[in-house]
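Trainee: Contents of upload17.cif (mmCIF, C-alpha atoms) are below:
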data_structure
loop_
_atom_site.label_atom_id
_atom_site.label_comp_id
_atom_site.auth_asym_id
_atom_site.auth_seq_id
_atom_site.Cartn_x
_atom_site.Cartn_y
_atom_site.Cartn_z
CA MET Y 11 266.43 58.15 -6.06
CA PRO Y 12 267.34 59.59 -2.60
CA LEU Y 13 267.11 63.31 -1.94
CA THR Y 14 270.22 65.46 -2.23
CA LYS Y 15 271.36 67.47 0.77
CA GLU Y 16 269.72 70.65 -0.58
CA GLU Y 17 266.47 68.86 -1.43
CA ALA Y 18 266.30 67.40 2.07
CA GLN Y 19 266.84 70.90 3.50
CA PHE Y 20 263.93 72.24 1.44
CA VAL Y 21 261.66 69.39 2.56
CA GLU Y 22 262.65 70.06 6.18
CA PHE Y 23 261.84 73.75 5.68
CA LEU Y 24 258.31 72.95 4.47
CA GLY Y 25 257.95 70.41 7.25
CA SER Y 26 258.41 73.18 9.81
CA PHE Y 27 254.81 74.21 9.04
CA PRO Y 28 252.88 71.06 10.07
CA GLN Y 29 249.80 73.11 11.00
CA PHE Y 30 249.40 74.01 7.32
CA TYR Y 31 249.73 70.45 5.99
CA LYS Y 32 246.18 69.94 4.70
CA LYS Y 33 244.06 67.89 2.35
CA ALA Y 34 243.70 69.30 -1.16
CA HIS Y 35 239.93 69.79 -0.87
CA GLU Y 36 240.47 71.74 2.38
CA ILE Y 37 242.98 74.09 0.78
CA ALA Y 38 240.54 74.58 -2.11
CA GLN Y 39 237.79 75.88 0.17
CA SER Y 40 236.35 79.37 -0.24
CA SER Y 41 235.95 81.78 2.67
CA LYS Y 42 232.47 80.28 3.09
CA GLY Y 43 233.88 76.79 3.53
CA VAL Y 44 232.84 75.48 0.10
CA SER Y 45 235.52 73.51 -1.73
CA ILE Y 46 235.82 73.65 -5.51
CA LEU Y 47 237.06 70.05 -5.50
CA PRO Y 48 234.75 67.02 -5.45
CA MET Y 49 235.15 64.71 -2.44
CA GLU Y 50 233.17 61.64 -3.46
CA ASN Y 51 234.84 58.24 -3.01
CA GLY Y 52 237.80 59.71 -1.15
CA GLU Y 53 238.84 62.05 -3.95
CA ASN Y 54 241.24 64.95 -3.35
CA GLU Y 55 242.32 63.69 0.09
CA PHE Y 56 246.00 64.06 -0.83
CA LYS Y 57 247.82 66.42 1.53
CA MET Y 58 249.92 69.41 0.53
CA TYR Y 59 251.08 72.57 2.26
CA ALA Y 60 248.72 75.56 2.26
CA LEU Y 61 251.15 78.20 1.04
CA ASP Y 62 248.78 81.15 1.40
CA ASP Y 63 248.30 80.24 5.07
CA ILE Y 64 252.05 79.89 5.61
CA CYS Y 65 252.61 83.30 4.04
CA HIS Y 66 249.97 84.97 6.23
CA SER Y 67 251.50 83.45 9.36
CA CYS Y 68 254.94 84.99 8.76
CA GLN Y 69 256.00 88.10 10.64
CA ILE Y 70 258.28 89.16 7.80
CA PHE Y 71 255.25 90.36 5.84
CA LYS Y 72 253.91 92.49 8.69
CA GLU Y 73 254.96 96.10 9.08
CA ASN Y 74 253.58 98.69 11.50
CA GLY Y 75 250.57 96.55 12.23
CA LEU Y 76 249.84 96.03 8.53
CA ARG Y 77 250.13 92.75 6.64
CA ILE Y 78 251.65 93.28 3.20
CA THR Y 79 251.86 89.84 1.65
CA PRO Y 80 252.97 88.95 -1.87
CA LYS Y 81 250.61 87.08 -4.17
CA THR Y 82 251.19 83.40 -3.50
CA THR Y 83 249.67 80.20 -4.85
CA ASP Y 84 247.25 78.34 -2.60
CA ALA Y 85 249.32 75.18 -2.26
CA ILE Y 86 252.84 73.82 -2.63
CA TRP Y 87 254.17 70.29 -2.89
CA TYR Y 88 257.30 68.48 -4.09
CA LYS Y 89 258.36 65.21 -5.68
CA LYS Y 90 261.65 63.58 -6.63
CA GLU Y 91 261.51 61.83 -10.00
CA LYS Y 92 264.79 60.19 -11.07
CA ASP Y 93 267.38 63.00 -10.95
CA ASN Y 94 264.83 65.83 -11.04
CA PHE Y 95 263.27 67.59 -8.07
CA PHE Y 96 259.83 69.00 -8.88
CA ILE Y 97 258.07 71.74 -6.91
CA PHE Y 98 254.34 71.99 -7.59
CA LEU Y 99 252.58 75.33 -7.14
CA ILE Y 100 248.79 74.97 -7.21
CA GLU Y 101 246.22 77.76 -7.43
CA PHE Y 102 242.53 77.01 -6.88
CA LYS Y 103 240.06 79.39 -8.51
CA GLY Y 104 236.31 79.10 -7.99
CA ASP Y 105 235.46 80.70 -11.28
CA PHE Y 106 235.31 79.95 -15.00
CA LEU Y 107 238.54 80.75 -16.85
CA CYS Y 108 236.90 80.19 -20.24
CA LYS Y 109 234.97 83.45 -19.98
CA ALA Y 110 236.06 86.92 -21.11
CA SER Y 111 237.67 89.43 -18.77
CA THR Y 112 235.50 91.88 -16.82
CA LYS Y 113 237.24 94.54 -18.89
CA CYS Y 114 235.05 93.38 -21.78
CA THR Y 115 231.99 93.81 -19.54
CA LEU Y 116 233.08 97.38 -18.84
CA VAL Y 117 233.41 98.02 -22.58
CA GLU Y 118 229.86 96.76 -23.12
CA ALA Y 119 228.54 99.00 -20.34
CA VAL Y 120 230.25 102.06 -21.80
CA ASP Y 121 228.95 101.22 -25.27
CA ASN Y 122 225.38 100.93 -23.94
CA LEU Y 123 225.74 104.29 -22.20
CA LYS Y 124 226.82 105.87 -25.48
CA VAL Y 125 223.55 104.74 -27.07
CA LYS Y 126 221.56 106.23 -24.17
CA ASN Y 127 223.62 109.40 -24.33
CA GLU Y 128 222.49 109.98 -27.93
CA ARG Y 129 218.87 109.69 -26.81
CA LEU Y 130 219.49 112.14 -23.96
CA ASN Y 131 221.09 114.78 -26.19
CA ASP Y 132 224.60 114.22 -24.82
CA GLU Y 133 223.64 114.67 -21.15
CA LEU Y 134 226.06 111.87 -20.23
CA GLU Y 135 229.00 113.24 -22.21
CA HIS Y 136 231.14 114.07 -19.17
CA GLU Y 137 230.44 110.73 -17.50
CA LEU Y 138 231.39 108.92 -20.70
CA PHE Y 139 234.61 110.92 -20.90
CA LEU Y 140 235.53 109.83 -17.36
CA LEU Y 141 234.62 106.20 -18.00
CA ASP Y 142 236.70 106.13 -21.17
CA LYS Y 143 239.70 107.36 -19.17
CA VAL Y 144 239.13 104.54 -16.67
CA LEU Y 145 238.79 102.02 -19.48
CA SER Y 146 242.08 103.07 -21.05
CA LYS Y 147 243.93 102.25 -17.80
CA TYR Y 148 241.77 99.39 -16.50
CA SER Y 149 243.06 95.84 -16.24
CA ASP Y 150 241.19 92.91 -14.75
CA LYS Y 151 242.03 92.24 -11.08
CA MET Y 152 241.51 88.47 -11.28
CA LEU Y 153 243.65 88.19 -14.41
CA ASN Y 154 246.51 90.17 -12.87
CA GLY Y 155 246.34 88.22 -9.62
CA LEU Y 156 246.53 84.87 -11.36
CA ALA Y 157 249.26 86.09 -13.70
CA HIS Y 158 251.54 87.32 -10.90
CA LYS Y 159 251.12 84.46 -8.43
CA PRO Y 160 253.84 82.12 -9.75
CA LEU Y 161 256.24 85.03 -10.25
CA GLU Y 162 255.82 86.47 -6.73
CA THR Y 163 255.73 83.01 -5.13
CA VAL Y 164 259.09 82.02 -6.60
CA THR Y 165 260.96 85.34 -6.51
CA ILE Y 166 259.54 86.98 -3.36
CA ALA Y 167 257.43 84.81 -1.07
CA LEU Y 168 259.45 81.60 -0.77
CA PRO Y 169 262.82 83.36 -0.34
CA LEU Y 170 261.43 85.64 2.40
CA ILE Y 171 259.57 82.84 4.18
CA TYR Y 172 262.79 80.82 4.17
CA GLU Y 173 264.75 83.82 5.48
CA GLU Y 174 262.42 84.07 8.49
CA TYR Y 175 262.59 80.30 9.03
CA TYR Y 176 266.40 80.32 8.93
CA GLN Y 177 266.74 83.26 11.32
CA LYS Y 178 264.56 81.44 13.84
CA ASN Y 179 266.38 78.12 13.48
CA LYS Y 180 269.95 78.93 12.40
CA GLN Y 181 271.39 77.29 15.51
CA ASN Y 182 269.95 73.97 14.35
CA VAL Y 183 269.79 74.10 10.52
CA GLU Y 184 272.36 74.63 7.80
CA PHE Y 185 271.77 77.53 5.42
CA LEU Y 186 270.24 76.78 2.04
CA ASP Y 187 270.62 79.23 -0.83
CA ILE Y 188 266.91 79.12 -1.54
CA ARG Y 189 267.02 81.30 -4.66
CA GLU Y 190 269.63 79.11 -6.33
CA PHE Y 191 267.78 75.99 -5.23
CA LEU Y 192 264.53 77.21 -6.80
CA GLN Y 193 266.35 78.06 -10.03
CA ASN Y 194 267.72 74.52 -10.20
CA SER Y 195 264.38 72.86 -9.40
CA ARG Y 196 261.62 72.11 -11.89
CA ILE Y 197 258.71 74.28 -10.85
CA VAL Y 198 255.30 73.22 -12.14
CA TYR Y 199 252.43 75.74 -11.88
CA ARG Y 200 248.81 74.69 -12.32
CA VAL Y 201 245.63 76.76 -12.07
CA VAL Y 202 242.64 74.65 -11.03
CA SER Y 203 239.29 76.18 -12.00
CA ILE Y 204 235.67 75.09 -11.88
CA SER Y 205 233.98 73.42 -14.82
CA ASP Y 206 230.41 73.08 -16.03
CA LYS Y 207 230.43 69.48 -14.79
CA TYR Y 208 231.04 70.43 -11.15
CA GLU Y 209 229.99 73.84 -9.84
CA PRO Y 210 230.05 74.00 -6.03
CA ASN Y 211 228.97 77.66 -6.28
CA ARG Y 212 225.95 76.67 -8.41
CA GLN Y 213 223.62 79.22 -6.79
CA ARG Y 214 225.86 82.10 -7.83
CA SER Y 215 226.22 80.72 -11.34
CA ARG Y 216 222.47 80.27 -11.74
CA GLY Y 217 221.93 83.88 -10.63
CA ARG Y 218 224.28 85.00 -13.38
CA SER Y 219 222.66 82.56 -15.84
CA TYR Y 220 226.18 82.07 -17.14
CA ARG Y 221 227.75 79.37 -19.25
CA CYS Y 222 231.10 79.50 -20.93
CA SER Y 223 231.16 80.26 -24.62
CA ASN Y 224 233.59 81.56 -27.19
CA MET Y 225 231.36 84.53 -28.00
CA ILE Y 226 233.23 87.83 -27.66
CA PRO Y 227 231.08 90.97 -28.21
CA SER Y 228 231.91 92.72 -31.49
CA ILE Y 229 232.62 96.00 -29.69
CA CYS Y 230 235.32 94.26 -27.64
CA LYS Y 231 236.88 92.73 -30.74
CA ARG Y 232 236.90 96.10 -32.51
CA LEU Y 233 238.51 97.94 -29.57
CA ALA Y 234 241.01 95.14 -29.08
CA GLU Y 235 242.21 95.67 -32.64
CA GLU Y 236 242.15 99.47 -32.41
CA ARG Y 237 243.96 99.67 -29.07
CA HIS Y 238 246.14 96.56 -29.47
CA ASP Y 239 244.63 95.26 -26.24
CA HIS Y 240 244.56 91.45 -26.25
CA GLU Y 241 242.73 91.38 -22.92
CA LEU Y 242 239.57 92.60 -24.63
CA ASP Y 243 239.11 89.71 -27.05
CA ALA Y 244 240.52 86.79 -25.07
CA SER Y 245 239.37 84.49 -22.30
CA TYR Y 246 241.15 84.47 -18.94
CA GLU Y 247 242.81 81.21 -19.89
CA SER Y 248 244.05 82.56 -23.21
CA SER Y 249 245.43 85.73 -21.60
CA LEU Y 250 247.15 83.74 -18.83
CA GLN Y 251 248.84 81.49 -21.38
CA THR Y 252 250.78 84.53 -22.59
CA TYR Y 253 252.17 85.10 -19.09
CA HIS Y 254 252.88 81.39 -18.63
CA ARG Y 255 254.98 81.26 -21.79
CA ARG Y 256 257.02 84.24 -20.58
CA TYR Y 257 257.72 82.58 -17.23
CA GLU Y 258 258.72 79.36 -18.95
CA ARG Y 259 261.09 81.18 -21.34
CA ALA Y 260 262.59 83.13 -18.44
CA GLY Y 261 263.19 79.92 -16.49
CA ILE Y 262 260.98 80.98 -13.58
CA VAL Y 263 258.78 77.91 -14.03
CA TYR Y 264 259.45 74.67 -15.84
CA SER Y 265 255.81 74.19 -16.84
CA ALA Y 266 252.57 76.18 -16.44
CA GLY Y 267 249.02 75.23 -17.33
CA PHE Y 268 245.45 74.47 -16.30
CA VAL Y 269 243.48 71.63 -14.74
CA ASP Y 270 239.73 71.68 -14.15
CA ASN Y 271 238.37 70.65 -10.76
CA ILE Y 272 236.99 67.35 -12.05
CA ALA Y 273 240.40 66.29 -13.39
CA PHE Y 274 242.50 67.42 -10.42
CA ASN Y 275 242.26 64.09 -8.57
CA ASN Y 276 243.77 62.43 -11.66
CA PHE Y 277 246.53 65.05 -11.61
CA ILE Y 278 247.24 64.06 -7.99
CA GLU Y 279 247.39 60.38 -8.89
CA ASN Y 280 249.57 60.87 -11.98
CA TYR Y 281 251.94 63.59 -10.81
CA LEU Y 282 251.88 64.46 -7.11
CA LYS Y 283 251.97 61.02 -5.48
#
As a first step, turn the structure in this file into structure tokens.
Mentor:
Amino acid sequence: MPLTKEEAQFVEFLGSFPQFYKKAHEIAQSSKGVSILPMENGENEFKMYALDDICHSCQIFKENGLRITPKTTDAIWYKKEKDNFFIFLIEFKGDFLCKASTKCTLVEAVDNLKVKNERLNDELEHELFLLDKVLSKYSDKMLNGLAHKPLETVTIALPLIYEEYYQKNKQNVEFLDIREFLQNSRIVYRVVSISDKYEPNRQRSRGRSYRCSNMIPSICKRLAEERHDHELDASYESSLQTYHRRYERAGIVYSAGFVDNIAFNNFIENYLK
């Protein structure tokens, strides 16, 4: 099925960033140059656009010498399938999403301090009071970042990136109502995380002596029930699923979910190509 006029305009817009057209395993690299994707036998060579890099290159997100960028997914790609135009938003995360939030770790630390405080005749009472105030307002940074990425990518980043692109090229390109186009497209969001079978950051994991499990400390379960705080007794993946369902119901994304780094090459073969 050939592209419609609007679809061709969107493809041309992405094509204006050839310097950010990269292999999947390159986009999935950490700041230290370690990719979370395996590369044996030519795996994960498929090219997409590095959306984070595109976003950071745009002047529209710079103000008074400061760069204030929205939270965007790492990669973006597209595919026409029969009458439907799919836009794929991919986020690579070099961490386990099956583990509990760091908020639960904070709860455990506070609980341990309470035990020590009893032994010290309440010498830590003030510190515990301050920590409890922090705990009541604390929410995990990684969880919030992953939760907001598809929302800010679709509603903020892509429209503003397109606005800058159009202003630079309006003598040569016809205007596309990017917000309406995104609403009419089928946006697929996938979070790609590491698995026990392939851990490129093995040294860090060994130092933590960590493996995923479904064990949630009893103190976290109790507080979750008392404070109606689901973040305390859920894994990252479970908490993110709540956000994903909201975005699907609101029509912001057509589909949201997870793929581990071992399976991503199959995702490329089955969906992106």
Trainee: Calculated over all atoms listed in the file, which of the candidates Y:Glu118, Y:Glu22, Y:Asp62, Y:Glu236 has the smallest distance to Lys81 of chain Y?
Mentor: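 Looking at the shortest contact to Lys81 of chain Y, the residue is Y:Asp62.
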Trainee: Please evaluate the PyMOL selection byres ((chain Y and resi 186) around 8) against the displayed coordinates and give the resulting residues as a list of chain:residue names.
Mentor: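 The output of the PyMOL selection byres ((chain Y and resi 186) around 8) on this file is Y:Glu16, Y:Gln19, Y:Phe20, Y:Glu184, Y:Phe185, Y:Asp187, Y:Ile188, Y:Phe191.
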Trainee: The PyMOL selection byres ((chain Y and resi 242) around 8) - which residues does that actually catch in the file I just gave you? List them as a VMD selection string.
Mentor: chain Y and resid 110 to 111 113 to 114 230 to 231 233 to 234 239 to 241 243 to 244
Trainee: Do a neighbour search on Tyr257 of chain Y at 12 Å with only C-alpha atoms, toss out local chain neighbours closer than 2 positions, and write the hits as an mmCIF file with C-alpha atoms, in the frame of the given file.
Mentor:
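Once written, out.cif looks like this:
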data_model
loop_
_atom_site.group_PDB
_atom_site.id
_atom_site.type_symbol
_atom_site.label_atom_id
_atom_site.label_comp_id
_atom_site.auth_asym_id
_atom_site.auth_seq_id
_atom_site.Cartn_x
_atom_site.Cartn_y
_atom_site.Cartn_z
ATOM 1 C CA ALA Y 157 249.260 86.090 -13.700
ATOM 2 C CA HIS Y 158 251.540 87.320 -10.900
ATOM 3 C CA LYS Y 159 251.120 84.460 -8.430
ATOM 4 C CA PRO Y 160 253.840 82.120 -9.750
ATOM 5 C CA LEU Y 161 256.240 85.030 -10.250
ATOM 6 C CA GLU Y 162 255.820 86.470 -6.730
ATOM 7 C CA VAL Y 164 259.090 82.020 -6.600
ATOM 8 C CA THR Y 165 260.960 85.340 -6.510
ATOM 9 C CA ILE Y 197 258.710 74.280 -10.850
ATOM 10 C CA VAL Y 198 255.300 73.220 -12.140
ATOM 11 C CA TYR Y 199 252.430 75.740 -11.880
ATOM 12 C CA LEU Y 250 247.150 83.740 -18.830
ATOM 13 C CA GLN Y 251 248.840 81.490 -21.380
ATOM 14 C CA THR Y 252 250.780 84.530 -22.590
ATOM 15 C CA TYR Y 253 252.170 85.100 -19.090
ATOM 16 C CA HIS Y 254 252.880 81.390 -18.630
ATOM 17 C CA ARG Y 255 254.980 81.260 -21.790
ATOM 18 C CA ARG Y 259 261.090 81.180 -21.340
ATOM 19 C CA ALA Y 260 262.590 83.130 -18.440
ATOM 20 C CA GLY Y 261 263.190 79.920 -16.490
ATOM 21 C CA ILE Y 262 260.980 80.980 -13.580
ATOM 22 C CA VAL Y 263 258.780 77.910 -14.030
ATOM 23 C CA TYR Y 264 259.450 74.670 -15.840
ATOM 24 C CA SER Y 265 255.810 74.190 -16.840
ATOM 25 C CA ALA Y 266 252.570 76.180 -16.440
ATOM 26 C CA GLY Y 267 249.020 75.230 -17.330
#
Trainee: Excluding segment 271-279 of chain Y and residues on its chain fewer than 3 positions from it, collect all residues at most 10 Å away from it, counting only C-alpha atoms, and give them as a PyMOL selection string.
Mentor: chain Y and resi 34-35+38+45-49+52-57+102-104+200-209+268+282-283
Trainee: Please produce a file of the residues just selected, as a short mmCIF file (atom, residue, chain, number, x, y, z; two decimals), in the coordinates of the input, where the atoms kept are C-alpha atoms.
Mentor:
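Here's the written file part28.cif:
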data_model
loop_
_atom_site.label_atom_id
_atom_site.label_comp_id
_atom_site.auth_asym_id
_atom_site.auth_seq_id
_atom_site.Cartn_x
_atom_site.Cartn_y
_atom_site.Cartn_z
CA ALA Y 34 243.70 69.30 -1.16
CA HIS Y 35 239.93 69.79 -0.87
CA ALA Y 38 240.54 74.58 -2.11
CA SER Y 45 235.52 73.51 -1.73
CA ILE Y 46 235.82 73.65 -5.51
CA LEU Y 47 237.06 70.05 -5.50
CA PRO Y 48 234.75 67.02 -5.45
CA MET Y 49 235.15 64.71 -2.44
CA GLY Y 52 237.80 59.71 -1.15
CA GLU Y 53 238.84 62.05 -3.95
CA ASN Y 54 241.24 64.95 -3.35
CA GLU Y 55 242.32 63.69 0.09
CA PHE Y 56 246.00 64.06 -0.83
CA LYS Y 57 247.82 66.42 1.53
CA PHE Y 102 242.53 77.01 -6.88
CA LYS Y 103 240.06 79.39 -8.51
CA GLY Y 104 236.31 79.10 -7.99
CA ARG Y 200 248.81 74.69 -12.32
CA VAL Y 201 245.63 76.76 -12.07
CA VAL Y 202 242.64 74.65 -11.03
CA SER Y 203 239.29 76.18 -12.00
CA ILE Y 204 235.67 75.09 -11.88
CA SER Y 205 233.98 73.42 -14.82
CA ASP Y 206 230.41 73.08 -16.03
CA LYS Y 207 230.43 69.48 -14.79
CA TYR Y 208 231.04 70.43 -11.15
CA GLU Y 209 229.99 73.84 -9.84
CA PHE Y 268 245.45 74.47 -16.30
CA LEU Y 282 251.88 64.46 -7.11
CA LYS Y 283 251.97 61.02 -5.48
#
Trainee: Using all atoms listed in the file for the distances, tell me which of Y:Tyr172, Y:Thr112, Y:Tyr59, Y:Asp270 is nearest to Lys151 of chain Y.
Mentor: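 Between Y:Tyr172, Y:Thr112, Y:Tyr59, Y:Asp270, the residue approaching Lys151 of chain Y most closely is Y:Thr112.
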Trainee: Missing atoms in segment 108-118 of chain Y need filling: write out all heavy atoms for it as an mmCIF file, keeping the file's coordinate frame.
Mentor:
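What landed in selection_23.cif:
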data_model
loop_
_atom_site.group_PDB
_atom_site.id
_atom_site.type_symbol
_atom_site.label_atom_id
_atom_site.label_comp_id
_atom_site.auth_asym_id
_atom_site.auth_seq_id
_atom_site.Cartn_x
_atom_site.Cartn_y
_atom_site.Cartn_z
ATOM 1 N N CYS Y 108 237.202 80.187 -18.815
ATOM 2 C CA CYS Y 108 236.900 80.190 -20.240
ATOM 3 C C CYS Y 108 236.106 81.439 -20.641
ATOM 4 O O CYS Y 108 235.813 81.643 -21.817
ATOM 5 C CB CYS Y 108 236.137 78.946 -20.623
ATOM 6 S SG CYS Y 108 234.779 78.565 -19.512
ATOM 7 N N LYS Y 109 235.752 82.260 -19.665
ATOM 8 C CA LYS Y 109 234.970 83.450 -19.980
ATOM 9 C C LYS Y 109 235.879 84.654 -20.253
ATOM 10 O O LYS Y 109 237.076 84.630 -19.951
ATOM 11 C CB LYS Y 109 234.007 83.777 -18.843
ATOM 12 C CG LYS Y 109 234.672 84.196 -17.546
ATOM 13 C CD LYS Y 109 233.625 84.481 -16.472
ATOM 14 C CE LYS Y 109 234.271 84.960 -15.179
ATOM 15 N NZ LYS Y 109 233.270 85.227 -14.128
ATOM 16 N N ALA Y 110 235.299 85.707 -20.802
ATOM 17 C CA ALA Y 110 236.060 86.920 -21.110
ATOM 18 C C ALA Y 110 236.298 87.738 -19.850
ATOM 19 O O ALA Y 110 235.558 87.643 -18.868
ATOM 20 C CB ALA Y 110 235.308 87.759 -22.143
ATOM 21 N N SER Y 111 237.313 88.562 -19.882
ATOM 22 C CA SER Y 111 237.670 89.430 -18.770
ATOM 23 C C SER Y 111 236.541 90.416 -18.458
ATOM 24 O O SER Y 111 235.754 90.788 -19.324
ATOM 25 C CB SER Y 111 238.945 90.201 -19.121
ATOM 26 O OG SER Y 111 239.104 91.325 -18.307
ATOM 27 N N THR Y 112 236.485 90.860 -17.195
ATOM 28 C CA THR Y 112 235.500 91.880 -16.820
ATOM 29 C C THR Y 112 235.768 93.199 -17.538
ATOM 30 O O THR Y 112 234.905 94.075 -17.579
ATOM 31 C CB THR Y 112 235.493 92.133 -15.307
ATOM 32 O OG1 THR Y 112 236.812 92.471 -14.878
ATOM 33 C CG2 THR Y 112 235.017 90.916 -14.543
ATOM 34 N N LYS Y 113 236.951 93.339 -18.108
ATOM 35 C CA LYS Y 113 237.240 94.540 -18.890
ATOM 36 C C LYS Y 113 236.305 94.603 -20.099
ATOM 37 O O LYS Y 113 235.855 95.685 -20.492
ATOM 38 C CB LYS Y 113 238.691 94.547 -19.343
ATOM 39 C CG LYS Y 113 239.116 95.823 -20.055
ATOM 40 C CD LYS Y 113 240.619 95.867 -20.261
ATOM 41 C CE LYS Y 113 241.059 97.199 -20.836
ATOM 42 N NZ LYS Y 113 242.532 97.281 -20.975
ATOM 43 N N CYS Y 114 235.985 93.439 -20.651
ATOM 44 C CA CYS Y 114 235.050 93.380 -21.780
ATOM 45 C C CYS Y 114 233.658 93.788 -21.311
ATOM 46 O O CYS Y 114 232.920 94.465 -22.043
ATOM 47 C CB CYS Y 114 235.036 91.982 -22.364
ATOM 48 S SG CYS Y 114 234.169 91.855 -23.933
ATOM 49 N N THR Y 115 233.288 93.404 -20.103
ATOM 50 C CA THR Y 115 231.990 93.810 -19.540
ATOM 51 C C THR Y 115 231.916 95.318 -19.404
ATOM 52 O O THR Y 115 230.883 95.943 -19.689
ATOM 53 C CB THR Y 115 231.782 93.151 -18.161
ATOM 54 O OG1 THR Y 115 231.909 91.730 -18.290
ATOM 55 C CG2 THR Y 115 230.408 93.487 -17.593
ATOM 56 N N LEU Y 116 233.027 95.922 -18.971
ATOM 57 C CA LEU Y 116 233.080 97.380 -18.840
ATOM 58 C C LEU Y 116 232.921 98.045 -20.208
ATOM 59 O O LEU Y 116 232.212 99.060 -20.339
ATOM 60 C CB LEU Y 116 234.403 97.791 -18.194
ATOM 61 C CG LEU Y 116 234.658 99.295 -18.013
ATOM 62 C CD1 LEU Y 116 233.558 99.934 -17.165
ATOM 63 C CD2 LEU Y 116 236.027 99.529 -17.374
ATOM 64 N N VAL Y 117 233.547 97.485 -21.218
ATOM 65 C CA VAL Y 117 233.410 98.020 -22.580
ATOM 66 C C VAL Y 117 231.952 97.987 -23.022
ATOM 67 O O VAL Y 117 231.442 98.964 -23.595
ATOM 68 C CB VAL Y 117 234.287 97.209 -23.569
ATOM 69 C CG1 VAL Y 117 233.933 97.563 -25.014
ATOM 70 C CG2 VAL Y 117 235.759 97.486 -23.320
ATOM 71 N N GLU Y 118 231.274 96.878 -22.755
ATOM 72 C CA GLU Y 118 229.860 96.760 -23.120
ATOM 73 C C GLU Y 118 229.013 97.804 -22.402
ATOM 74 O O GLU Y 118 228.107 98.410 -22.989
ATOM 75 C CB GLU Y 118 229.351 95.362 -22.787
ATOM 76 C CG GLU Y 118 229.847 94.275 -23.720
ATOM 77 C CD GLU Y 118 229.172 92.960 -23.423
ATOM 78 O OE1 GLU Y 118 229.566 92.298 -22.438
ATOM 79 O OE2 GLU Y 118 228.241 92.594 -24.163
#
